>>> print(open('run24.cif').read())   # mmCIF, C-alpha atoms
data_query
#
loop_
_atom_site.label_atom_id
_atom_site.label_comp_id
_atom_site.auth_asym_id
_atom_site.auth_seq_id
_atom_site.Cartn_x
_atom_site.Cartn_y
_atom_site.Cartn_z
CA MET A 205 -14.08 16.64 -24.75
CA GLN A 206 -16.93 15.22 -26.81
CA LEU A 207 -16.70 11.50 -27.47
CA PRO A 208 -16.77 10.24 -31.05
CA SER A 209 -20.14 9.16 -32.39
CA PRO A 210 -20.85 5.41 -32.55
CA SER A 211 -20.32 5.44 -36.31
CA GLU A 212 -16.71 6.59 -35.97
CA THR A 213 -14.01 3.95 -35.88
CA VAL A 214 -11.85 4.15 -32.77
CA ALA A 215 -8.62 2.16 -32.60
CA GLU A 216 -7.64 -0.01 -29.68
CA PRO A 217 -4.37 0.78 -27.88
CA PRO A 218 -1.28 -0.86 -29.38
CA LEU A 219 -0.91 -4.47 -28.24
CA VAL A 220 2.41 -5.63 -26.80
CA ARG A 221 3.21 -8.99 -28.30
CA GLY A 222 4.05 -11.66 -25.75
CA ALA A 223 4.77 -15.36 -25.62
CA PRO A 224 2.15 -17.95 -26.58
CA PHE A 225 -0.35 -18.79 -23.82
CA VAL A 226 1.31 -16.67 -21.09
CA GLY A 227 1.61 -13.37 -22.95
CA SER A 228 3.76 -10.91 -21.01
CA ALA A 229 3.29 -12.69 -17.67
CA ILE A 230 6.97 -13.56 -17.19
CA PRO A 231 8.61 -10.13 -17.74
CA PHE A 232 5.68 -8.40 -16.02
CA GLY A 233 5.95 -10.63 -12.96
CA LYS A 234 9.74 -10.43 -12.77
CA ASP A 235 10.07 -6.63 -12.88
CA ALA A 236 6.88 -4.78 -13.77
CA PRO A 237 8.39 -1.25 -13.54
CA ALA A 238 11.21 -2.05 -15.98
CA PHE A 239 8.90 -3.93 -18.35
CA LEU A 240 6.25 -1.19 -18.41
CA ALA A 241 8.90 1.51 -18.88
CA GLU A 242 10.21 -0.43 -21.89
CA CYS A 243 6.67 -0.74 -23.28
CA ARG A 244 6.12 3.00 -22.87
CA ALA A 245 9.37 3.78 -24.69
CA ARG A 246 8.17 1.63 -27.60
CA HIS A 247 4.45 2.35 -27.72
CA GLY A 248 3.82 5.60 -25.86
CA ASP A 249 1.72 6.30 -22.77
CA VAL A 250 -1.13 3.92 -23.67
CA PHE A 251 -0.75 0.24 -24.59
CA THR A 252 -2.26 -3.16 -23.85
CA ILE A 253 -0.45 -6.21 -22.54
CA ARG A 254 -1.74 -9.73 -22.06
CA VAL A 255 -1.04 -11.64 -18.85
CA ALA A 256 -2.22 -15.20 -19.54
CA THR A 257 -5.84 -14.65 -20.68
CA GLN A 258 -6.28 -11.20 -19.10
CA ARG A 259 -5.84 -8.08 -21.23
CA MET A 260 -4.52 -5.04 -19.33
CA THR A 261 -4.45 -1.54 -20.83
CA PHE A 262 -2.02 0.81 -19.10
CA VAL A 263 -2.53 4.57 -19.13
CA LEU A 264 0.76 6.15 -18.04
CA ASP A 265 0.10 9.84 -18.70
CA PRO A 266 -0.30 11.43 -15.24
CA HIS A 267 -2.50 14.21 -16.64
CA SER A 268 -5.00 11.53 -17.73
CA HIS A 269 -5.32 9.80 -14.35
CA GLY A 270 -8.28 11.90 -13.28
CA ALA A 271 -10.23 11.20 -16.48
CA ILE A 272 -9.82 7.43 -15.99
CA LEU A 273 -10.79 7.56 -12.33
CA ARG A 274 -13.97 9.49 -13.15
CA LEU A 275 -15.28 6.79 -15.52
CA GLN A 276 -17.13 4.97 -12.76
CA GLY A 277 -20.04 3.76 -14.87
CA ASP A 278 -18.03 2.10 -17.61
CA LEU A 279 -15.00 1.11 -15.52
CA SER A 280 -15.72 -0.70 -12.26
CA PHE A 281 -13.57 -1.63 -9.27
CA SER A 282 -15.89 -3.16 -6.67
CA GLU A 283 -16.54 -6.56 -8.28
CA LEU A 284 -12.88 -6.93 -9.20
CA ALA A 285 -11.82 -6.17 -5.62
CA HIS A 286 -14.16 -8.84 -4.23
CA GLU A 287 -12.82 -11.39 -6.72
CA ILE A 288 -9.19 -10.74 -5.78
CA SER A 289 -10.00 -10.74 -2.06
CA SER A 290 -11.87 -14.05 -2.14
CA LYS A 291 -9.00 -15.71 -4.03
CA ALA A 292 -6.27 -14.37 -1.76
CA PHE A 293 -7.92 -14.75 1.64
CA GLY A 294 -10.02 -17.82 0.98
CA HIS A 295 -13.43 -16.37 1.80
CA ARG A 296 -16.71 -16.47 -0.05
CA LYS A 297 -17.57 -13.46 -2.17
CA LEU A 298 -19.41 -10.76 -0.27
CA GLN A 299 -22.30 -9.36 -2.27
CA GLY A 300 -25.33 -7.09 -2.04
CA ALA A 301 -26.48 -5.75 1.30
CA GLU A 302 -23.83 -7.66 3.25
CA ALA A 303 -20.98 -6.17 1.22
CA GLU A 304 -22.49 -2.69 1.50
CA ALA A 305 -22.86 -3.05 5.28
CA MET A 306 -19.22 -4.12 5.63
CA GLU A 307 -18.06 -1.13 3.62
CA ARG A 308 -20.20 1.29 5.68
CA VAL A 309 -18.87 -0.08 8.96
CA THR A 310 -15.26 0.06 7.80
CA ASP A 311 -15.51 3.56 6.36
CA ALA A 312 -17.25 4.87 9.48
CA HIS A 313 -14.43 3.66 11.76
CA LEU A 314 -11.60 5.05 9.64
CA LYS A 315 -12.44 8.72 10.15
CA GLY A 316 -13.49 11.12 12.90
CA PRO A 317 -13.72 10.05 16.56
CA PRO A 318 -13.51 6.28 15.83
CA LEU A 319 -10.22 6.83 13.97
CA GLN A 320 -8.97 8.95 16.86
CA LYS A 321 -9.71 6.09 19.25
CA LEU A 322 -7.93 3.56 17.03
CA THR A 323 -4.79 5.70 16.84
CA GLU A 324 -4.82 6.25 20.60
CA GLN A 325 -5.01 2.50 21.18
CA ALA A 326 -2.21 1.96 18.68
CA GLN A 327 -0.04 4.44 20.54
CA LEU A 328 -0.58 2.66 23.86
CA ARG A 329 0.37 -0.70 22.37
CA LEU A 330 3.36 0.82 20.58
CA ASP A 331 4.61 2.35 23.84
CA HIS A 332 4.30 -1.06 25.52
CA TRP A 333 6.30 -2.72 22.73
CA LEU A 334 8.97 -0.02 22.78
CA ASP A 335 9.35 -0.58 26.53
CA SER A 336 10.44 -4.15 25.75
CA LEU A 337 13.17 -3.18 23.26
CA GLU A 338 16.78 -3.44 24.36
CA ASP A 339 20.02 -1.89 23.21
CA GLY A 340 22.28 -3.81 20.90
CA GLY A 341 22.73 -4.99 17.40
CA PRO A 342 23.20 -5.52 14.65
CA ARG A 343 19.51 -6.22 14.06
CA ASP A 344 17.82 -6.38 10.68
CA LEU A 345 15.69 -3.26 10.52
CA TYR A 346 12.95 -4.90 8.46
CA ALA A 347 12.59 -7.75 10.98
CA LEU A 348 12.49 -5.22 13.82
CA VAL A 349 9.79 -3.13 12.15
CA GLN A 350 7.86 -6.26 11.14
CA GLU A 351 7.75 -7.47 14.74
CA GLY A 352 6.56 -4.15 16.10
CA MET A 353 4.11 -3.24 13.36
CA PHE A 354 2.50 -6.67 13.34
CA LEU A 355 2.10 -6.84 17.12
CA VAL A 356 0.77 -3.29 17.40
CA GLY A 357 -1.49 -3.50 14.36
CA ALA A 358 -2.95 -6.93 15.06
CA GLU A 359 -3.69 -6.26 18.73
CA THR A 360 -5.02 -2.74 18.11
CA LEU A 361 -7.61 -4.14 15.73
CA PHE A 362 -8.27 -7.64 17.04
CA GLY A 363 -7.29 -7.60 20.71
CA GLU A 364 -5.11 -9.55 23.08
CA GLY A 365 -3.20 -12.49 21.66
CA ALA A 366 -3.94 -11.71 18.03
CA GLY A 367 -0.34 -10.71 17.32
CA ASP A 368 1.96 -13.27 18.93
CA ARG A 369 5.06 -14.89 17.42
CA ALA A 370 3.17 -17.85 15.92
CA ALA A 371 0.72 -15.50 14.22
CA LEU A 372 3.59 -13.45 12.81
CA GLU A 373 5.20 -16.56 11.33
CA ASP A 374 1.91 -17.57 9.71
CA PHE A 375 1.37 -14.04 8.42
CA SER A 376 4.87 -13.88 6.93
CA ALA A 377 4.40 -17.20 5.14
CA PHE A 378 1.00 -16.13 3.84
CA ASP A 379 2.18 -12.70 2.73
CA LYS A 380 5.16 -14.16 0.86
CA GLU A 381 2.78 -16.03 -1.43
CA PHE A 382 0.17 -13.28 -1.63
CA PRO A 383 0.85 -12.32 -5.28
CA LEU A 384 0.19 -15.88 -6.45
CA LEU A 385 -2.82 -16.26 -4.15
CA ALA A 386 -4.34 -13.07 -5.55
CA ALA A 387 -3.77 -14.43 -9.05
CA GLY A 388 -5.83 -17.50 -8.17
CA VAL A 389 -3.17 -20.13 -7.41
CA PRO A 390 -4.65 -22.48 -4.73
CA ALA A 391 -3.21 -22.02 -1.25
CA ALA A 392 -2.64 -25.78 -0.94
CA LEU A 393 -0.30 -25.77 -3.95
CA LEU A 394 1.70 -22.95 -2.35
CA GLY A 395 1.92 -24.65 1.05
CA VAL A 396 0.14 -21.85 2.94
CA ALA A 397 -3.38 -23.25 3.31
CA GLY A 398 -2.66 -24.11 6.96
CA ALA A 399 -1.17 -20.72 7.77
CA ARG A 400 -4.09 -18.91 6.15
CA LYS A 401 -6.65 -21.00 8.04
CA ARG A 402 -4.88 -20.58 11.38
CA LEU A 403 -4.86 -16.82 10.91
CA GLY A 404 -8.55 -16.86 10.05
CA ASP A 405 -9.37 -18.96 13.11
CA ARG A 406 -7.66 -16.37 15.32
CA LEU A 407 -9.78 -13.58 13.88
CA LYS A 408 -13.28 -15.06 13.63
CA ARG A 409 -14.35 -14.14 17.18
CA PRO A 410 -14.02 -10.92 19.20
CA ARG A 411 -11.06 -10.83 21.61
CA PRO A 412 -10.62 -8.82 24.81
CA GLY A 413 -9.32 -5.35 23.98
CA GLY A 414 -10.31 -5.60 20.32
CA SER A 415 -11.58 -2.62 18.37
CA SER A 416 -15.20 -1.72 17.77
CA LEU A 417 -14.32 -1.74 14.06
CA VAL A 418 -13.72 -5.49 14.12
CA ALA A 419 -16.64 -6.17 16.47
CA GLU A 420 -19.05 -4.40 14.11
CA ARG A 421 -17.54 -6.01 11.01
CA LEU A 422 -18.04 -9.46 12.55
CA GLU A 423 -21.61 -8.53 13.45
CA ALA A 424 -22.31 -7.30 9.91
CA GLN A 425 -21.36 -10.61 8.34
CA ASN A 426 -24.03 -13.17 7.52
CA PRO A 427 -24.35 -15.43 10.62
CA ALA A 428 -24.97 -18.43 8.38
CA PHE A 429 -21.27 -18.32 7.47
CA ALA A 430 -19.83 -17.81 10.96
CA ASP A 431 -16.98 -20.29 10.49
CA GLY A 432 -15.64 -18.26 7.56
CA ARG A 433 -15.78 -14.88 9.25
CA GLY A 434 -12.09 -15.00 10.13
CA GLN A 435 -11.01 -15.31 6.51
CA VAL A 436 -12.89 -12.11 5.72
CA GLU A 437 -11.21 -10.38 8.66
CA LEU A 438 -7.82 -11.62 7.46
CA SER A 439 -8.29 -9.20 4.56
CA LEU A 440 -8.51 -6.36 7.10
CA LEU A 441 -5.38 -7.53 8.94
CA TRP A 442 -3.42 -7.77 5.69
CA ALA A 443 -4.63 -4.37 4.50
CA ALA A 444 -3.64 -2.81 7.83
CA ILE A 445 -0.09 -4.21 7.89
CA ALA A 446 1.16 -5.31 4.48
CA ASN A 447 1.94 -1.78 3.27
CA THR A 448 2.47 0.19 6.48
CA LEU A 449 5.22 -2.25 7.45
CA PRO A 450 7.52 -1.69 4.44
CA ALA A 451 6.63 2.02 4.33
CA THR A 452 7.84 2.37 7.92
CA PHE A 453 10.97 0.40 7.13
CA TRP A 454 11.86 2.57 4.13
CA THR A 455 11.30 5.79 6.08
CA LEU A 456 13.68 4.63 8.81
CA ALA A 457 16.21 3.06 6.43
CA HIS A 458 16.59 6.21 4.34
CA LEU A 459 16.90 8.37 7.45
CA VAL A 460 19.56 6.10 8.95
CA ALA A 461 21.46 6.14 5.64
CA GLN A 462 21.44 9.96 5.59
CA PRO A 463 22.70 11.26 8.96
CA ALA A 464 21.85 14.88 8.09
CA ALA A 465 18.24 13.96 7.29
CA LEU A 466 17.99 11.86 10.46
CA ALA A 467 19.38 14.73 12.54
CA ALA A 468 16.85 17.13 11.03
CA VAL A 469 13.93 14.83 11.86
CA GLN A 470 15.23 14.25 15.37
CA ALA A 471 15.58 18.02 15.83
CA GLU A 472 11.94 18.43 14.80
CA LEU A 473 10.91 15.75 17.29
CA SER A 474 12.88 17.45 20.06
CA ARG A 475 11.41 20.85 19.20
CA LEU A 476 7.78 19.83 18.75
CA LEU A 477 7.65 16.79 21.03
CA PRO A 478 9.63 17.47 24.20
CA ALA A 479 10.71 14.31 26.00
CA GLN A 480 8.15 14.72 28.75
CA SER A 481 5.20 15.27 26.40
CA ALA A 482 2.85 12.52 25.36
CA LEU A 483 3.13 11.17 21.83
CA SER A 484 -0.52 11.74 20.99
CA PRO A 485 -2.00 11.38 17.49
CA ALA A 486 -2.51 15.16 17.39
CA ALA A 487 1.15 15.74 18.27
CA VAL A 488 2.31 13.27 15.62
CA ALA A 489 0.15 15.01 13.01
CA ALA A 490 2.03 18.27 13.61
CA LEU A 491 5.41 17.02 12.33
CA PRO A 492 5.81 18.42 8.81
CA LEU A 493 9.36 17.20 8.14
CA LEU A 494 8.55 13.69 9.33
CA GLN A 495 5.45 13.74 7.11
CA SER A 496 7.64 14.79 4.18
CA ALA A 497 10.03 11.92 4.94
CA VAL A 498 7.14 9.43 4.91
CA HIS A 499 5.82 10.80 1.62
CA GLU A 500 9.29 10.62 0.09
CA ALA A 501 9.75 7.03 1.23
CA LEU A 502 6.37 6.16 -0.27
CA ARG A 503 7.27 7.90 -3.52
CA LEU A 504 10.37 5.75 -3.85
CA SER A 505 8.85 2.42 -2.80
CA SER A 506 5.13 2.37 -3.67
CA ALA A 507 4.32 0.33 -6.77
CA SER A 508 0.58 -0.21 -6.60
CA ILE A 509 -1.56 -0.64 -9.70
CA THR A 510 -4.93 1.11 -9.75
CA LEU A 511 -7.30 -1.26 -11.56
CA ARG A 512 -10.66 -0.88 -13.26
CA ARG A 513 -12.58 -3.48 -15.28
CA ALA A 514 -14.53 -2.46 -18.39
CA GLN A 515 -18.16 -3.40 -17.78
CA ARG A 516 -19.00 -3.06 -21.48
CA PRO A 517 -17.22 -2.09 -24.69
CA THR A 518 -16.20 1.46 -23.96
CA ARG A 519 -13.88 4.29 -24.90
CA ILE A 520 -11.38 6.27 -22.91
CA THR A 521 -10.43 9.82 -23.87
CA LEU A 522 -7.10 11.04 -22.56
CA ASP A 523 -5.86 14.50 -21.66
CA SER A 524 -4.30 14.80 -25.12
CA GLY A 525 -7.69 14.26 -26.76
CA ALA A 526 -6.74 10.82 -28.10
CA THR A 527 -9.52 8.23 -27.77
CA TYR A 528 -9.11 4.47 -27.54
CA ALA A 529 -11.54 1.56 -27.65
CA ILE A 530 -11.54 -0.81 -24.68
CA ARG A 531 -13.02 -4.31 -24.86
CA GLN A 532 -15.52 -5.54 -22.30
CA GLY A 533 -13.68 -7.41 -19.55
CA ASP A 534 -10.34 -5.68 -20.14
CA LEU A 535 -8.56 -4.07 -17.21
CA VAL A 536 -7.65 -0.40 -17.41
CA CYS A 537 -4.62 0.25 -15.21
CA LEU A 538 -2.74 3.20 -13.76
CA PHE A 539 0.82 2.64 -12.55
CA PRO A 540 1.96 5.73 -10.61
CA TYR A 541 5.39 4.21 -9.86
CA LEU A 542 6.66 5.49 -13.21
CA MET A 543 5.29 8.96 -12.44
CA HIS A 544 6.95 8.89 -9.02
CA HIS A 545 10.33 8.14 -10.65
CA ASN A 546 10.03 10.56 -13.57
CA PRO A 547 12.94 13.05 -13.62
CA ALA A 548 10.74 15.53 -15.49
CA ILE A 549 8.56 15.70 -12.36
CA PHE A 550 10.94 14.97 -9.49
CA GLU A 551 14.52 16.18 -9.64
CA ASN A 552 16.98 13.35 -8.92
CA PRO A 553 14.07 10.93 -8.60
CA GLU A 554 16.10 7.99 -7.28
CA GLN A 555 17.47 10.00 -4.36
CA PHE A 556 15.74 10.31 -0.99
CA GLN A 557 15.24 14.02 -0.23
CA VAL A 558 13.78 14.40 3.21
CA ASP A 559 12.24 17.83 2.57
CA ARG A 560 10.90 17.17 -0.97
CA PHE A 561 7.28 17.23 0.25
CA LEU A 562 7.76 19.73 3.07
CA ALA A 563 4.75 22.02 3.18
CA THR A 564 5.53 25.53 4.40
CA ALA A 565 3.10 28.27 3.38
CA ALA A 566 1.46 25.94 0.84
CA PRO A 567 1.85 22.36 -0.37
CA PRO A 568 4.70 21.85 -2.86
CA VAL A 569 3.77 21.93 -6.55
CA PHE A 570 4.96 19.35 -9.08
CA SER A 571 4.47 19.77 -12.81
CA LEU A 572 4.83 17.88 -16.07
CA HIS A 573 5.08 19.53 -19.49
CA GLY A 574 4.59 22.92 -17.85
CA ARG A 575 1.31 22.00 -16.17
CA ARG A 576 0.66 21.31 -12.53
CA LEU A 577 -0.10 17.70 -11.64
CA ALA A 578 -3.33 17.27 -9.69
CA MET A 579 -2.12 14.00 -8.09
CA PRO A 580 1.70 13.87 -8.10
CA LEU A 581 1.82 11.27 -5.33
CA MET A 582 -0.50 8.25 -5.40
CA PRO A 583 0.72 5.61 -2.91
CA TYR A 584 -2.85 4.88 -1.80
CA GLY A 585 -4.43 4.62 -5.25
CA GLY A 586 -7.15 6.98 -6.40
CA GLY A 587 -10.85 7.48 -6.94
CA VAL A 588 -13.32 4.99 -5.47
CA SER A 589 -10.52 2.48 -4.86
CA MET A 590 -8.36 4.83 -2.82
CA CYS A 591 -7.34 3.03 0.36
CA PRO A 592 -9.99 3.84 3.01
CA GLY A 593 -7.44 3.28 5.77
CA ARG A 594 -4.87 5.76 4.44
CA ALA A 595 -5.30 8.19 7.36
CA LEU A 596 -4.80 5.38 9.88
CA ALA A 597 -1.81 4.03 7.96
CA ASN A 598 -0.17 7.44 7.68
CA THR A 599 -0.57 8.08 11.40
CA GLU A 600 0.72 4.64 12.39
CA ILE A 601 3.84 5.04 10.24
CA LYS A 602 4.63 8.38 11.88
CA GLN A 603 3.83 7.03 15.35
CA PHE A 604 6.26 4.17 14.91
CA VAL A 605 9.07 6.27 13.44
CA ALA A 606 8.65 9.06 16.01
CA GLY A 607 8.33 6.62 18.91
CA LEU A 608 11.45 4.69 17.96
CA LEU A 609 13.57 7.81 17.29
CA ARG A 610 12.54 9.45 20.56
CA ARG A 611 13.75 6.45 22.54
CA PHE A 612 16.70 5.11 20.57
CA GLU A 613 19.66 6.22 18.54
CA LEU A 614 19.68 4.20 15.34
CA ARG A 615 23.04 3.64 13.72
CA GLY A 616 23.62 1.79 10.48
CA SER A 617 26.27 -0.87 9.99
CA GLY A 618 27.70 0.57 6.80
CA ALA A 619 25.40 -1.37 4.49
CA ALA A 620 23.75 0.48 1.64
CA VAL A 621 19.99 0.92 1.61
CA PRO A 622 18.80 -2.32 -0.03
CA ALA A 623 17.18 -2.46 -3.44
CA LEU A 624 13.44 -2.82 -3.89
CA ASP A 625 12.02 -6.29 -4.45
CA ARG A 626 10.23 -5.37 -7.65
CA SER A 627 8.76 -8.85 -8.17
CA ARG A 628 5.83 -7.74 -5.96
CA ALA A 629 5.01 -4.68 -8.03
CA GLY A 630 1.30 -4.00 -8.29
CA LEU A 631 0.41 -4.81 -4.69
CA GLY A 632 1.52 -1.67 -2.89
CA VAL A 633 4.75 -0.77 -1.10
CA LEU A 634 7.63 -3.01 -2.13
CA PRO A 635 9.76 -4.83 0.46
CA PRO A 636 13.59 -4.81 0.47
CA LYS A 637 15.63 -7.45 -1.33
CA ALA A 638 18.24 -7.67 1.43
CA GLU A 639 18.72 -7.05 5.13
CA PHE A 640 19.63 -3.64 6.53
CA PRO A 641 21.43 -4.07 9.88
CA VAL A 642 21.13 -1.37 12.55
CA HIS A 643 22.36 -0.87 16.11
CA LEU A 644 20.04 0.50 18.81
CA ARG A 645 21.20 2.58 21.76
CA SER A 646 18.71 3.81 24.34
CA LEU A 647 18.54 7.59 24.74
CA ALA A 648 17.23 7.26 28.28
CA ALA A 649 20.70 6.83 29.77
#
>>> encode(input="run24.cif", output="structure tokens")
Amino acid sequence: MQLPSPSETVAEPPLVRGAPFVGSAIPFGKDAPAFLAECRARHGDVFTIRVATQRMTFVLDPHSHGAILRLQGDLSFSELAHEISSKAFGHRKLQGAEAEAMERVTDAHLKGPPLQKLTEQAQLRLDHWLDSLEDGGPRDLYALVQEGMFLVGAETLFGEGAGDRAALEDFSAFDKEFPLLAAGVPAALLGVAGARKRLGDRLKRPRPGGSSLVAERLEAQNPAFADGRGQVELSLLWAAIANTLPATFWTLAHLVAQPAALAAVQAELSRLLPAQSALSPAAVAALPLLQSAVHEALRLSSASITLRRAQRPTRITLDSGATYAIRQGDLVCLFPYLMHHNPAIFENPEQFQVDRFLATAAPPVFSLHGRRLAMPLMPYGGGVSMCPGRALANTEIKQFVAGLLRRFELRGSGAAVPALDRSRAGLGVLPPKAEFPVHLRSLAA
């Protein structure tokens, strides 16, 4: 659609009135999904909120997501990402040729043969960890998954000793405060400066058995800042674990809570992965029902915000044809969580349906207002900010679930699947608010 001429007056989106000084920071931080749903009911699919001094315009019409993501000249992500990363992980801002080199190295290792090698190494380390598991219970499923995912992920990327118990404790403390760190609250005020530095110190040098991805990333960094290399690599560790961990938990928790769904996935594993066969990345990729279960768990639990910053005063034109003026410096935000839970798109949206995303002859189609949605599931963001490690993450989730279910019978303790901790909305996959006890029984006997 043709944009209005400069002489035409274009209105800004409606502004949600908040409290003095803090704006809508309190209700947004407490439960962003509920707050944004309330704003949409009052103002429609486009509105602006203020969080402290930052203005954030939300576009909640799924048919308009593509138009927003294509505005790469006026709406930028790269500088914003570097700002958030430097605040959260405590590293200097990466700029220019150095930043471009880091991105090239990372992208190159997250596809093709390098990705294949990473997933093979992850499988070997996962098998070693599974060998150490014993029968018994009850054990909190989240703690169990956290232990395994952290050990496997950290040592696959960074090598021997990167993922021990002390590192896990530091990572858990750091991750707990991540939302405030990303917002710019100093680590010292939150009591995690020591944990963050210890993690960085572990990661600033190559370790035996580490990946070529990390070795080349370390090499690409400016040698004049060698002491700070580990804080940059902490961003990679967090990106590799912080969302795959809860996504794996939710996949397993929903399966355990629905015996019929669990039996169906186990039947697929038995049919396509006989006990004597190796659990290779290629074999894991050929598990359509398990893939559907992962997608469904992500649909229910992913609450990431896709962010863009207006580089100049600009206009956004939505699928409806409506045009809005955006101020320079404002954030334009997509929040797919509300799409994922929309009953007009997904029947019984709060229920876990293991086969909802099962692809048979063709991928399933989801529509809104009689029109097919181009991107009905967005757990990894979209456009230039789409998670570059999504293929690795997806494979690692399936490896963990398949590996655990091939070796152990998981039985719940009667507890309901816990609620989502929605106070972390905006950062990716939400963790549970309570424990979910399970019993493990080895299938080898």
>>> resolve_selection(input="run24.cif", expression="the PyMOL selection byres ((chain A and resi 401) around 12)", output="MDAnalysis selection string")
chainID A and resid 292:295 371 374:375 378 391:392 395:400 402:408 431:438
>>> resolve_selection(input="run24.cif", expression="the PyMOL selection byres ((chain A and resi 312-327) around 10)", output="ChimeraX atom specification")
/A:306-311,328-333,353,355-361,413-418,420,482-486,592-597,599-600,603-604,607
>>> write_last_selection(input="run24.cif", atoms="C-alpha atoms", output="PDB file, in the coordinates of the input")
ATOM      1  CA  MET A 306     -19.220  -4.120   5.630  1.00  0.00           C
ATOM      2  CA  GLU A 307     -18.060  -1.130   3.620  1.00  0.00           C
ATOM      3  CA  ARG A 308     -20.200   1.290   5.680  1.00  0.00           C
ATOM      4  CA  VAL A 309     -18.870  -0.080   8.960  1.00  0.00           C
ATOM      5  CA  THR A 310     -15.260   0.060   7.800  1.00  0.00           C
ATOM      6  CA  ASP A 311     -15.510   3.560   6.360  1.00  0.00           C
ATOM      7  CA  LEU A 328      -0.580   2.660  23.860  1.00  0.00           C
ATOM      8  CA  ARG A 329       0.370  -0.700  22.370  1.00  0.00           C
ATOM      9  CA  LEU A 330       3.360   0.820  20.580  1.00  0.00           C
ATOM     10  CA  ASP A 331       4.610   2.350  23.840  1.00  0.00           C
ATOM     11  CA  HIS A 332       4.300  -1.060  25.520  1.00  0.00           C
ATOM     12  CA  TRP A 333       6.300  -2.720  22.730  1.00  0.00           C
ATOM     13  CA  MET A 353       4.110  -3.240  13.360  1.00  0.00           C
ATOM     14  CA  LEU A 355       2.100  -6.840  17.120  1.00  0.00           C
ATOM     15  CA  VAL A 356       0.770  -3.290  17.400  1.00  0.00           C
ATOM     16  CA  GLY A 357      -1.490  -3.500  14.360  1.00  0.00           C
ATOM     17  CA  ALA A 358      -2.950  -6.930  15.060  1.00  0.00           C
ATOM     18  CA  GLU A 359      -3.690  -6.260  18.730  1.00  0.00           C
ATOM     19  CA  THR A 360      -5.020  -2.740  18.110  1.00  0.00           C
ATOM     20  CA  LEU A 361      -7.610  -4.140  15.730  1.00  0.00           C
ATOM     21  CA  GLY A 413      -9.320  -5.350  23.980  1.00  0.00           C
ATOM     22  CA  GLY A 414     -10.310  -5.600  20.320  1.00  0.00           C
ATOM     23  CA  SER A 415     -11.580  -2.620  18.370  1.00  0.00           C
ATOM     24  CA  SER A 416     -15.200  -1.720  17.770  1.00  0.00           C
ATOM     25  CA  LEU A 417     -14.320  -1.740  14.060  1.00  0.00           C
ATOM     26  CA  VAL A 418     -13.720  -5.490  14.120  1.00  0.00           C
ATOM     27  CA  GLU A 420     -19.050  -4.400  14.110  1.00  0.00           C
ATOM     28  CA  ALA A 482       2.850  12.520  25.360  1.00  0.00           C
ATOM     29  CA  LEU A 483       3.130  11.170  21.830  1.00  0.00           C
ATOM     30  CA  SER A 484      -0.520  11.740  20.990  1.00  0.00           C
ATOM     31  CA  PRO A 485      -2.000  11.380  17.490  1.00  0.00           C
ATOM     32  CA  ALA A 486      -2.510  15.160  17.390  1.00  0.00           C
ATOM     33  CA  PRO A 592      -9.990   3.840   3.010  1.00  0.00           C
ATOM     34  CA  GLY A 593      -7.440   3.280   5.770  1.00  0.00           C
ATOM     35  CA  ARG A 594      -4.870   5.760   4.440  1.00  0.00           C
ATOM     36  CA  ALA A 595      -5.300   8.190   7.360  1.00  0.00           C
ATOM     37  CA  LEU A 596      -4.800   5.380   9.880  1.00  0.00           C
ATOM     38  CA  ALA A 597      -1.810   4.030   7.960  1.00  0.00           C
ATOM     39  CA  THR A 599      -0.570   8.080  11.400  1.00  0.00           C
ATOM     40  CA  GLU A 600       0.720   4.640  12.390  1.00  0.00           C
ATOM     41  CA  GLN A 603       3.830   7.030  15.350  1.00  0.00           C
ATOM     42  CA  PHE A 604       6.260   4.170  14.910  1.00  0.00           C
ATOM     43  CA  GLY A 607       8.330   6.620  18.910  1.00  0.00           C
TER      44      GLY A 607
END
>>> resolve_selection(input="run24.cif", expression="the PyMOL selection byres ((chain A and resi 229-234) around 12)", output="JSON, numbers by chain")
{"A": [220, 221, 222, 223, 224, 225, 226, 227, 228, 235, 236, 237, 238, 239, 240, 241, 242, 243, 253, 254, 255, 256, 257, 258, 259, 260, 383, 384, 387, 625, 626, 627, 628, 629, 630, 631]}
>>> residues_around(input="run24.cif", residues="segment 335-340 of chain A", least_positions_apart="6", cutoff="7 Å", atoms="only C-alpha atoms", output="list in words")
His643, Leu644, Arg645 and Ser646 of chain A
>>> residues_around(input="run24.cif", residues="Leu493 of chain A", least_positions_apart="6", cutoff="8 Å", atoms="only C-alpha atoms", output="list in words")
Val469, Glu472, Val558, Asp559 and Leu562 of chain A
>>> write_last_selection(input="run24.cif", atoms="C-alpha atoms", output="PDB file, in the frame of the given file")
ATOM      1  CA  VAL A 469      13.930  14.830  11.860  1.00  0.00           C
ATOM      2  CA  GLU A 472      11.940  18.430  14.800  1.00  0.00           C
ATOM      3  CA  VAL A 558      13.780  14.400   3.210  1.00  0.00           C
ATOM      4  CA  ASP A 559      12.240  17.830   2.570  1.00  0.00           C
ATOM      5  CA  LEU A 562       7.760  19.730   3.070  1.00  0.00           C
TER       6      LEU A 562
END
>>> closest_residue(input="run24.cif", among="A:Ala620, A:Leu502, A:Ala563, A:Leu279", to="Pro641 of chain A", atoms="only C-alpha atoms")
A:Ala620
>>> atom_distance(input="run24.cif", atom1="atom CA of Leu473 of chain A", atom2="atom CA of Ala606 of chain A")
7.2 Å
>>> closest_residue(input="run24.cif", among="A:Ser280, A:Thr527, A:Ser617, A:Thr213", to="Gly341 of chain A", atoms="only C-alpha atoms")
A:Ser617
